[in-house]
$ cat entry_39.txt   # compact mmCIF, C-alpha atoms
# COMPACT_ATOMS: atom_id res chain seq x y z
CA MET A 145 -32.19 5.82 -10.09
CA SER A 146 -33.40 2.29 -9.65
CA ALA A 147 -33.99 0.85 -6.23
CA GLY A 148 -31.46 -1.88 -7.03
CA VAL A 149 -28.75 0.62 -7.70
CA VAL A 150 -29.53 2.52 -4.51
CA ALA A 151 -29.46 -0.68 -2.48
CA GLN A 152 -26.25 -1.79 -4.13
CA ILE A 153 -24.52 1.50 -3.44
CA GLY A 154 -25.69 1.69 0.12
CA ALA A 155 -25.20 -1.91 1.16
CA GLY A 156 -21.45 -1.84 0.95
CA ILE A 157 -20.91 -5.47 1.87
CA ALA A 158 -22.53 -8.58 0.57
CA PRO A 159 -23.38 -10.82 3.52
CA GLU A 160 -23.71 -13.93 1.39
CA ARG A 161 -20.01 -14.15 0.63
CA THR A 162 -18.19 -17.28 1.69
CA GLY A 163 -14.66 -18.28 2.50
CA ARG A 164 -13.80 -15.02 4.15
CA SER A 165 -11.28 -14.40 6.83
CA GLU A 166 -12.37 -14.03 10.43
CA GLY A 167 -12.20 -10.25 10.41
CA VAL A 168 -14.15 -9.98 7.21
CA ALA A 169 -16.75 -12.44 8.40
CA SER A 170 -17.51 -10.48 11.52
CA MET A 171 -17.72 -7.34 9.46
CA ALA A 172 -20.13 -8.85 6.97
CA GLU A 173 -22.30 -10.26 9.70
CA THR A 174 -22.85 -6.82 11.15
CA ALA A 175 -23.28 -5.10 7.80
CA ARG A 176 -26.27 -2.81 7.49
CA PRO A 177 -27.43 -1.01 4.39
CA VAL A 178 -26.75 2.66 4.85
CA ALA A 179 -28.80 5.35 3.20
CA PRO A 180 -26.93 8.15 1.46
CA GLY A 181 -27.72 10.54 4.29
CA THR A 182 -25.76 8.67 6.96
CA ASP A 183 -25.82 10.52 10.24
CA ALA A 184 -22.71 12.65 10.31
CA GLY A 185 -22.87 12.78 14.10
CA ASP A 186 -22.55 9.02 14.24
CA ASP A 187 -19.49 9.20 12.02
CA ASP A 188 -17.93 11.82 14.28
CA ALA A 189 -18.58 9.64 17.32
CA LEU A 190 -17.11 6.60 15.59
CA LEU A 191 -13.98 8.52 14.64
CA ALA A 192 -13.59 9.63 18.25
CA ARG A 193 -14.00 6.05 19.42
CA PHE A 194 -11.39 4.84 16.96
CA ALA A 195 -8.99 7.58 18.06
CA ALA A 196 -9.52 6.38 21.64
CA GLY A 197 -8.49 2.87 20.66
CA ASP A 198 -11.80 1.20 19.83
CA GLN A 199 -11.16 -0.77 16.64
CA SER A 200 -14.78 -1.86 16.32
CA ALA A 201 -15.49 1.76 15.37
CA ALA A 202 -13.20 1.38 12.37
CA ARG A 203 -15.19 -1.67 11.32
CA LEU A 204 -18.46 0.26 11.49
CA LEU A 205 -17.06 3.20 9.55
CA THR A 206 -15.76 0.82 6.90
CA GLU A 207 -19.15 -0.83 6.62
CA ARG A 208 -20.75 2.53 6.07
CA HIS A 209 -18.41 4.07 3.56
CA LEU A 210 -16.20 1.56 1.78
CA GLY A 211 -18.81 0.50 -0.76
CA ARG A 212 -19.59 4.02 -1.86
CA VAL A 213 -15.99 5.14 -2.00
CA LEU A 214 -15.15 2.08 -4.07
CA ALA A 215 -18.07 2.81 -6.40
CA LEU A 216 -16.85 6.37 -6.90
CA ALA A 217 -13.32 5.24 -7.66
CA THR A 218 -14.46 2.42 -9.94
CA ARG A 219 -16.58 4.70 -12.10
CA MET A 220 -13.89 7.36 -12.19
CA LEU A 221 -11.01 5.03 -13.04
CA ARG A 222 -12.70 2.06 -14.73
CA ASP A 223 -10.03 -0.17 -13.20
CA THR A 224 -10.99 -2.38 -10.29
CA ALA A 225 -7.50 -2.82 -8.85
CA GLU A 226 -6.77 0.90 -8.98
CA ALA A 227 -10.18 1.70 -7.53
CA GLU A 228 -9.53 -0.66 -4.62
CA ASP A 229 -6.18 0.98 -3.99
CA VAL A 230 -7.84 4.39 -3.93
CA ALA A 231 -10.56 3.23 -1.54
CA GLN A 232 -7.98 1.66 0.77
CA GLU A 233 -5.79 4.76 0.71
CA ALA A 234 -8.74 7.08 1.37
CA LEU A 235 -9.74 5.09 4.44
CA MET A 236 -6.12 4.86 5.58
CA ARG A 237 -6.05 8.66 5.59
CA ALA A 238 -9.24 8.61 7.64
CA TRP A 239 -7.60 6.37 10.26
CA ARG A 240 -4.50 8.55 10.36
CA ASN A 241 -6.55 11.72 10.78
CA ALA A 242 -9.06 10.34 13.27
CA ALA A 243 -7.30 11.83 16.29
CA LYS A 244 -7.27 15.25 14.66
CA TRP A 245 -10.87 15.11 13.47
CA GLU A 246 -13.00 18.03 14.68
CA PRO A 247 -16.63 16.97 15.10
CA GLY A 248 -19.12 19.21 13.37
CA ARG A 249 -16.54 21.05 11.32
CA ALA A 250 -17.08 18.93 8.22
CA LYS A 251 -19.12 15.92 7.24
CA PHE A 252 -16.91 12.83 7.30
CA SER A 253 -18.57 11.34 4.23
CA THR A 254 -17.93 14.52 2.25
CA TRP A 255 -14.32 14.67 3.40
CA LEU A 256 -13.74 11.01 2.57
CA HIS A 257 -15.20 11.35 -0.93
CA LYS A 258 -13.13 14.45 -1.53
CA VAL A 259 -9.98 12.55 -0.56
CA ALA A 260 -10.95 9.64 -2.81
CA LEU A 261 -11.77 11.93 -5.71
CA ASN A 262 -8.43 13.71 -5.46
CA LEU A 263 -6.67 10.36 -5.44
CA CYS A 264 -8.60 9.48 -8.60
CA TYR A 265 -7.57 12.75 -10.22
CA ASP A 266 -3.93 12.00 -9.39
CA ARG A 267 -4.14 8.60 -11.03
CA LEU A 268 -5.91 9.94 -14.10
CA ARG A 269 -3.20 12.57 -14.52
CA LYS A 270 -0.50 9.93 -14.22
CA ARG A 271 -2.24 7.92 -16.88
CA ARG A 272 -2.26 10.87 -19.20
CA SER A 273 1.40 11.55 -18.64
CA ALA A 274 2.35 7.90 -19.09
CA SER A 275 3.20 6.41 -22.41
CA LEU A 276 0.14 5.32 -24.32
CA ASP A 277 1.72 1.90 -24.69
CA ASP A 278 1.64 1.46 -20.93
CA VAL A 279 -2.02 2.32 -20.51
CA ALA A 280 -4.54 -0.48 -20.61
CA GLU A 281 -6.85 0.01 -23.52
CA PRO A 282 -10.49 0.37 -22.56
CA ALA A 283 -12.83 -2.23 -23.94
CA ASP A 284 -13.70 -1.73 -27.57
CA ASP A 285 -17.19 -0.44 -26.95
CA ARG A 286 -17.83 0.13 -30.62
CA ALA A 287 -17.09 -3.50 -31.48
CA SER A 288 -19.33 -4.83 -28.74
CA ALA A 289 -22.02 -2.30 -29.51
CA GLN A 290 -22.17 -3.55 -33.09
CA GLU A 291 -23.62 -6.78 -31.81
CA GLY A 292 -26.72 -4.96 -30.71
CA LEU A 293 -28.05 -2.51 -28.20
CA GLU A 294 -28.89 -4.91 -25.47
CA ALA A 295 -28.12 -3.97 -21.87
CA ASP A 296 -24.51 -5.13 -21.90
CA GLU A 297 -23.77 -3.24 -25.05
CA ARG A 298 -25.53 -0.15 -23.84
CA LEU A 299 -23.50 -0.35 -20.65
CA ALA A 300 -20.28 -0.77 -22.59
CA ALA A 301 -21.19 2.21 -24.73
CA LEU A 302 -21.99 4.24 -21.63
CA LYS A 303 -18.66 3.41 -19.99
CA GLY A 304 -16.81 4.36 -23.14
CA ALA A 305 -18.73 7.62 -23.40
CA ILE A 306 -18.20 8.52 -19.73
CA GLU A 307 -14.49 7.94 -20.08
CA THR A 308 -14.31 10.66 -22.69
CA LEU A 309 -15.82 13.24 -20.35
CA PRO A 310 -13.63 15.74 -18.52
CA GLU A 311 -12.83 14.59 -14.97
CA ARG A 312 -15.05 17.03 -13.15
CA GLN A 313 -18.06 16.38 -15.35
CA ARG A 314 -17.59 12.68 -14.73
CA ALA A 315 -17.28 13.26 -10.98
CA ALA A 316 -20.34 15.51 -10.90
CA ILE A 317 -22.48 12.84 -12.59
CA GLN A 318 -21.12 10.21 -10.24
CA LEU A 319 -21.91 12.21 -7.12
CA ARG A 320 -25.26 13.60 -8.20
CA HIS A 321 -26.75 10.68 -10.10
CA PHE A 322 -25.22 7.57 -8.56
CA GLU A 323 -24.79 8.77 -5.00
CA GLU A 324 -27.76 11.14 -4.95
CA ARG A 325 -25.85 13.83 -3.16
CA GLY A 326 -27.27 17.30 -3.01
CA ASN A 327 -25.88 20.21 -4.95
CA ASP A 328 -24.29 21.73 -1.86
CA GLU A 329 -22.38 18.60 -0.94
CA THR A 330 -21.43 17.88 -4.55
CA ALA A 331 -20.10 21.43 -4.81
CA GLU A 332 -18.09 20.98 -1.62
CA ILE A 333 -16.56 17.71 -2.77
CA LEU A 334 -15.69 19.12 -6.17
CA GLY A 335 -14.50 22.43 -4.77
CA VAL A 336 -16.77 24.50 -7.01
CA SER A 337 -19.89 26.63 -6.62
CA VAL A 338 -23.40 25.20 -6.71
CA GLU A 339 -24.01 26.98 -10.03
CA ALA A 340 -20.90 25.34 -11.43
CA VAL A 341 -22.21 21.93 -10.34
CA GLU A 342 -25.38 22.44 -12.36
CA SER A 343 -23.34 23.52 -15.35
CA LEU A 344 -20.98 20.53 -15.05
CA LEU A 345 -23.94 18.17 -14.82
CA ALA A 346 -25.76 19.68 -17.78
CA ARG A 347 -22.70 19.68 -20.05
CA GLY A 348 -21.68 16.19 -19.01
CA ARG A 349 -25.08 14.64 -19.52
CA ARG A 350 -25.59 16.44 -22.81
CA ALA A 351 -22.26 15.08 -24.04
CA LEU A 352 -23.26 11.57 -22.94
CA ARG A 353 -26.64 11.83 -24.60
CA ASP A 354 -25.10 12.99 -27.85
CA LYS A 355 -22.41 10.32 -27.88
CA LEU A 356 -24.87 7.54 -27.14
CA ALA A 357 -27.31 8.87 -29.72
CA GLY A 358 -24.49 9.03 -32.25
CA GLN A 359 -23.55 5.43 -31.59
CA ARG A 360 -27.16 4.37 -31.85
CA ALA A 361 -27.54 6.15 -35.18
CA MET A 362 -24.41 4.51 -36.56
CA LEU A 363 -25.64 1.11 -35.50
CA MET A 364 -29.01 1.73 -37.08
CA GLU A 365 -27.29 2.63 -40.36
CA GLU A 366 -25.19 -0.52 -40.28
CA MET B 269 -52.50 35.22 -9.14
CA THR B 270 -50.84 33.60 -6.16
CA VAL B 271 -47.16 33.63 -5.40
CA SER B 272 -47.05 29.96 -6.35
CA ASP B 273 -48.58 30.69 -9.75
CA MET B 274 -46.09 33.48 -10.34
CA THR B 275 -43.21 31.13 -9.46
CA THR B 276 -44.60 28.49 -11.79
CA THR B 277 -44.74 30.85 -14.72
CA MET B 278 -41.20 32.06 -14.09
CA MET B 279 -39.52 28.88 -15.45
CA THR B 280 -38.64 29.30 -19.07
CA MET B 281 -38.19 26.46 -21.51
CA ASP B 282 -34.42 27.09 -21.50
CA ASP B 283 -34.36 26.80 -17.71
CA PHE B 284 -36.41 23.63 -17.94
CA GLU B 285 -34.05 22.10 -20.48
CA MET B 286 -31.03 23.02 -18.35
CA ARG B 287 -32.56 21.36 -15.28
CA ALA B 288 -33.61 18.27 -17.22
CA LEU B 289 -30.10 17.88 -18.56
CA ALA B 290 -28.49 18.43 -15.17
CA TYR B 291 -30.83 16.51 -12.87
CA GLY B 292 -32.50 13.96 -15.13
CA GLY B 293 -36.02 12.94 -16.00
CA ASP B 294 -37.39 12.65 -12.47
CA VAL B 295 -38.53 16.10 -11.40
CA GLY B 296 -38.53 14.83 -7.80
CA CYS B 297 -34.70 14.80 -7.99
CA TRP B 298 -34.50 18.43 -9.05
CA PRO B 299 -33.79 21.24 -6.58
CA GLU B 300 -36.86 21.65 -4.42
CA GLU B 301 -37.63 25.20 -5.51
CA ASP B 302 -37.76 24.11 -9.17
CA ARG B 303 -40.11 21.17 -8.80
CA ALA B 304 -43.48 22.91 -8.75
CA PRO B 305 -42.81 25.20 -11.73
CA ALA B 306 -41.23 22.30 -13.65
CA ARG B 307 -44.28 20.07 -13.13
CA ALA B 308 -46.56 22.85 -14.22
CA LEU B 309 -44.52 23.42 -17.36
CA ALA B 310 -44.34 19.70 -18.16
CA ASP B 311 -48.11 19.44 -17.81
CA ALA B 312 -48.61 22.32 -20.20
CA SER B 313 -45.90 21.69 -22.79
CA PRO B 314 -45.38 18.60 -25.01
CA GLU B 315 -41.87 19.89 -25.69
CA ALA B 316 -41.08 19.83 -21.95
CA LYS B 317 -42.55 16.33 -21.70
CA ALA B 318 -40.27 15.16 -24.50
CA MET B 319 -37.26 16.62 -22.68
CA LEU B 320 -38.16 14.64 -19.58
CA ARG B 321 -38.54 11.42 -21.60
CA GLU B 322 -35.13 11.90 -23.16
CA ALA B 323 -33.56 12.62 -19.78
CA ARG B 324 -35.19 9.51 -18.32
CA ALA B 325 -33.71 7.37 -21.07
CA LEU B 326 -30.24 8.59 -20.12
CA ASP B 327 -31.01 7.93 -16.43
CA GLU B 328 -31.91 4.34 -17.24
CA THR B 329 -28.70 3.85 -19.20
CA LEU B 330 -26.66 5.28 -16.33
CA ASP B 331 -28.43 2.95 -13.89
CA LEU B 332 -27.10 -0.03 -15.83
CA TRP B 333 -23.68 0.70 -14.40
CA GLU B 334 -23.59 -1.03 -11.05
CA ALA B 335 -20.39 -0.63 -9.10
CA PRO B 336 -18.69 -3.75 -7.69
CA GLN B 337 -19.06 -4.77 -4.06
CA PRO B 338 -15.94 -4.50 -1.93
CA SER B 339 -13.97 -7.75 -2.17
CA GLU B 340 -13.07 -9.80 0.88
CA ASP B 341 -9.43 -8.97 0.27
CA LEU B 342 -10.13 -5.24 0.22
CA LEU B 343 -12.14 -5.43 3.44
CA ALA B 344 -9.32 -7.31 5.13
CA ARG B 345 -6.75 -4.80 3.89
CA VAL B 346 -8.74 -1.83 5.16
CA LEU B 347 -9.26 -3.40 8.58
CA ALA B 348 -5.60 -4.37 8.76
CA ASP B 349 -4.69 -0.73 8.05
CA ALA B 350 -6.97 0.38 10.86
CA GLY B 351 -5.26 -2.08 13.20
CA THR B 352 -1.82 -0.83 12.17
CA VAL B 353 -2.76 2.80 12.74
CA ALA B 354 -4.38 1.97 16.08
CA GLY B 355 -1.17 0.25 17.16
CA GLU B 356 0.90 3.25 16.11
CA MET B 357 -1.38 5.56 18.07
CA ARG B 358 -1.07 3.39 21.17
CA ALA B 359 2.71 3.37 20.84
CA ALA B 360 2.87 7.13 20.37
CA ALA B 361 0.52 7.94 23.24
CA PRO B 362 2.21 9.21 26.44
CA SER B 363 2.30 6.56 29.14
CA PRO B 364 0.00 7.07 32.13
CA ALA B 365 1.39 8.85 35.23
CA ARG B 366 3.20 5.95 36.80
CA PRO B 367 6.73 6.28 38.17
CA ALA B 368 9.36 4.51 36.19
CA PRO B 369 10.81 1.49 37.97
CA ARG B 370 14.04 2.35 39.72
CA PRO B 371 17.11 0.19 39.27
CA ALA B 372 17.51 -2.58 41.78
CA GLY B 373 19.38 -1.34 44.84
CA TRP B 374 20.84 -2.99 47.84
CA ALA B 375 17.44 -3.67 49.36
CA VAL B 376 16.30 -5.61 46.35
CA ARG B 377 19.51 -7.57 46.23
CA LEU B 378 19.30 -8.27 49.94
CA PHE B 379 15.67 -9.29 50.12
CA GLY B 380 15.38 -10.76 46.66
CA GLY B 381 11.89 -11.61 45.63
CA ILE B 382 10.02 -10.36 48.67
CA GLY B 383 9.82 -6.87 47.36
CA VAL B 384 11.34 -3.67 48.50
CA ARG B 385 8.25 -2.38 50.28
CA ARG B 386 7.78 -5.53 52.29
CA SER B 387 11.48 -5.59 53.09
CA ALA B 388 11.42 -2.00 54.24
CA PHE B 389 8.38 -2.70 56.39
CA ALA B 390 10.04 -5.72 57.95
CA LEU B 391 13.20 -3.74 58.62
CA ALA B 392 11.21 -0.92 60.23
CA ALA B 393 9.30 -3.41 62.33
CA CYS B 394 12.57 -4.99 63.50
CA LEU B 395 14.05 -1.63 64.40
CA THR B 396 10.94 -0.60 66.33
CA LEU B 397 10.84 -3.88 68.21
CA GLY B 398 14.53 -3.64 68.97
CA PHE B 399 14.18 -0.09 70.25
CA VAL B 400 11.26 -1.02 72.51
CA MET B 401 13.03 -4.07 73.89
CA GLY B 402 16.26 -2.18 74.30
CA THR B 403 14.72 0.64 76.28
CA THR B 404 12.81 -1.80 78.48
CA MET B 405 15.93 -3.82 79.25
CA GLU B 406 17.85 -0.66 80.00
CA ARG B 407 15.28 0.31 82.60
CA GLU B 408 14.98 -3.14 84.14
CA VAL B 409 18.47 -4.59 83.88
CA LEU B 410 21.11 -2.03 83.20
CA ALA B 411 19.91 0.95 85.22
CA PRO B 412 21.24 1.22 88.88
CA ALA B 413 18.71 -0.29 91.20
CA PRO B 414 17.10 2.11 93.58
CA PRO B 415 18.44 1.73 97.13
CA PRO B 416 16.31 -0.60 99.17
CA VAL B 417 14.31 0.99 101.91
CA GLU B 418 16.07 -0.94 104.66
CA THR B 419 19.46 0.07 103.51
CA THR B 420 18.75 3.66 104.28
CA ALA B 421 18.92 2.83 108.05
CA ALA B 422 21.94 0.73 107.66
CA PRO B 423 24.47 3.50 108.10
CA ALA B 424 22.97 4.44 111.49
CA VAL B 425 23.12 0.89 112.67
CA SER B 426 26.60 0.60 111.37
CA VAL B 427 27.72 3.73 113.20
CA ILE B 428 26.39 2.43 116.50
CA ASP B 429 27.88 -0.92 115.85
CA PHE B 430 31.02 0.83 114.90
CA ALA B 431 30.98 2.86 118.12
CA PHE B 432 30.54 -0.25 120.25
CA ALA B 433 33.19 -1.88 118.28
CA MET B 434 35.44 1.05 118.92
CA GLU B 435 34.74 0.75 122.64
CA ASP B 436 35.50 -2.92 122.47
CA ASP B 437 38.62 -2.15 120.62
CA ALA B 438 39.55 0.47 123.20
CA ASP B 439 39.25 -2.16 125.86
CA LEU B 440 41.66 -4.15 123.98
CA LEU B 441 44.14 -1.32 123.73
CA LEU B 442 47.13 -1.41 125.95
CA GLY B 443 48.52 1.58 127.62
CA ASP B 444 50.97 2.29 124.89
CA GLY B 445 48.12 2.10 122.32
CA THR B 446 49.04 -1.19 120.90
CA LEU B 447 46.27 -3.46 120.13
CA LEU B 448 46.28 -6.80 121.77

$ encode --input "entry_39.txt" --output "structure tokens"
Amino acid sequence: MSAGVVAQIGAGIAPERTGRSEGVASMAETARPVAPGTDAGDDDALLARFAAGDQSAARLLTERHLGRVLALATRMLRDTAEAEDVAQEALMRAWRNAAKWEPGRAKFSTWLHKVALNLCYDRLRKRRSASLDDVAEPADDRASAQEGLEADERLAALKGAIETLPERQRAAIQLRHFEERGNDETAEILGVSVEAVESLLARGRRALRDKLAGQRAMLMEE
Amino acid sequence: MTVSDMTTTMMTMDDFEMRALAYGGDVGCWPEEDRAPARALADASPEAKAMLREARALDETLDLWEAPQPSEDLLARVLADAGTVAGEMRAAAPSPARPAPRPAGWAVRLFGGIGVRRSAFALAACLTLGFVMGTTMEREVLAPAPPPVETTAAPAVSVIDFAFAMEDDADLLLGDGTLL
């Protein structure tokens, strides 16, 4: 994974934004890039502080986790508005459960991603059950890919290919590749065994490789 | 052969391909126990090297997909939610052990804004002062005065005087007892 991607995932908040509200401004000013292995003990302490009435703890927790939860939801759903709703709802559940949180029993980051992922699954299932006419069509990756295999087109092809993957393969790639989570934590979030994580990753990436290679071959022929 | 060498030789090409597919082209991202045997196999096998190259190409394509930063609106919404929940928790929390204010009674109505405690204190002070003054006055004013020392001899003097007076009166008596 590139350093840029790691920094982007971890940073969470862009401090250079302008025109923000007062609350957002103070949040951005205190933003710190957070490495994937955020100290779980700190999260537990922050949750306890929030439960005791300290709202600055909520701000710190949001700084740490919102960016990554949003990234997970965005890549799962490929819809910014829906991804934002999922991220907001996941954190809302964190606030509501803060008083009941048991330090050391689970890692907050793992719990939060599990909540977000389940919300994504719910939305994907609703999409499937909805009329096809009501579902926003994904970008025509084939059409854009025909213009060449530059970065934008490769990205569009990738997004199209990932969307065809089964949910859990998609989630496994998201957690392992983009978030650099270990097999144990990925397994816990997905609710599967570590062996199953490796299998999900291998099948998902093989499917991606084959789809992208197929597109490349078609483009070469044309 | 060392244990490390034995471990290195235990990774088959199928295992290597499975790991490359699952974890990508950077062996440093593989499970720790697989790294040494994988590096040894990649050094020895052009086929394994090709698998890593192919996996790296997919990694680079995946890295093109950068997720969006949280918008200002989303940040504000999340913080507003936290504020709402914090308010609900405060409202639901049991109030601290402080007696509930009692309804205004006669003392409050009587003393108005001075406060019941101050009023009660003032009333108690008045009663105490009244009691002290009352008992003092009772002793000094209302109680029967002790008989003066000189009055104790008065009866004796009076009896003598009375006796002389009787004699005088006897002198004044006539024979038939009538008093002149």

$ interface_residues --input "entry_39.txt" --of "chain B" --to "chain A" --cutoff "7 Å" --atoms "only C-alpha atoms" --output "ChimeraX atom specification"
/B:286,289-290,326-327,329,331-338,340,342-344,346-347,349-351,353-354

$ residues_near_point --input "entry_39.txt" --point "(-42.8, 19.1, -12.8)" --cutoff "10 Å" --atoms "only C-alpha atoms" --output "ChimeraX atom specification"
/B:276,284,293-296,298,302-312,316-317,320

$ atom_distance --input "entry_39.txt" --atom1 "CA of Arg249 (chain A)" --atom2 "CA of Leu261 (chain A)"
19.9 Å

$ atom_distance --input "entry_39.txt" --atom1 "CA of Glu297 (chain A)" --atom2 "CA of Gly358 (chain A)"
14.2 Å

$ atom_distance --input "entry_39.txt" --atom1 "CA of Ala192 (chain A)" --atom2 "CA of Pro247 (chain A)"
8.5 Å

$ closest_residue --input "entry_39.txt" --among "A:Ala340, A:Leu204, A:Ala357, A:Ala331" --to "His257 (chain A)" --atoms "all atoms listed in the file"
A:Ala331
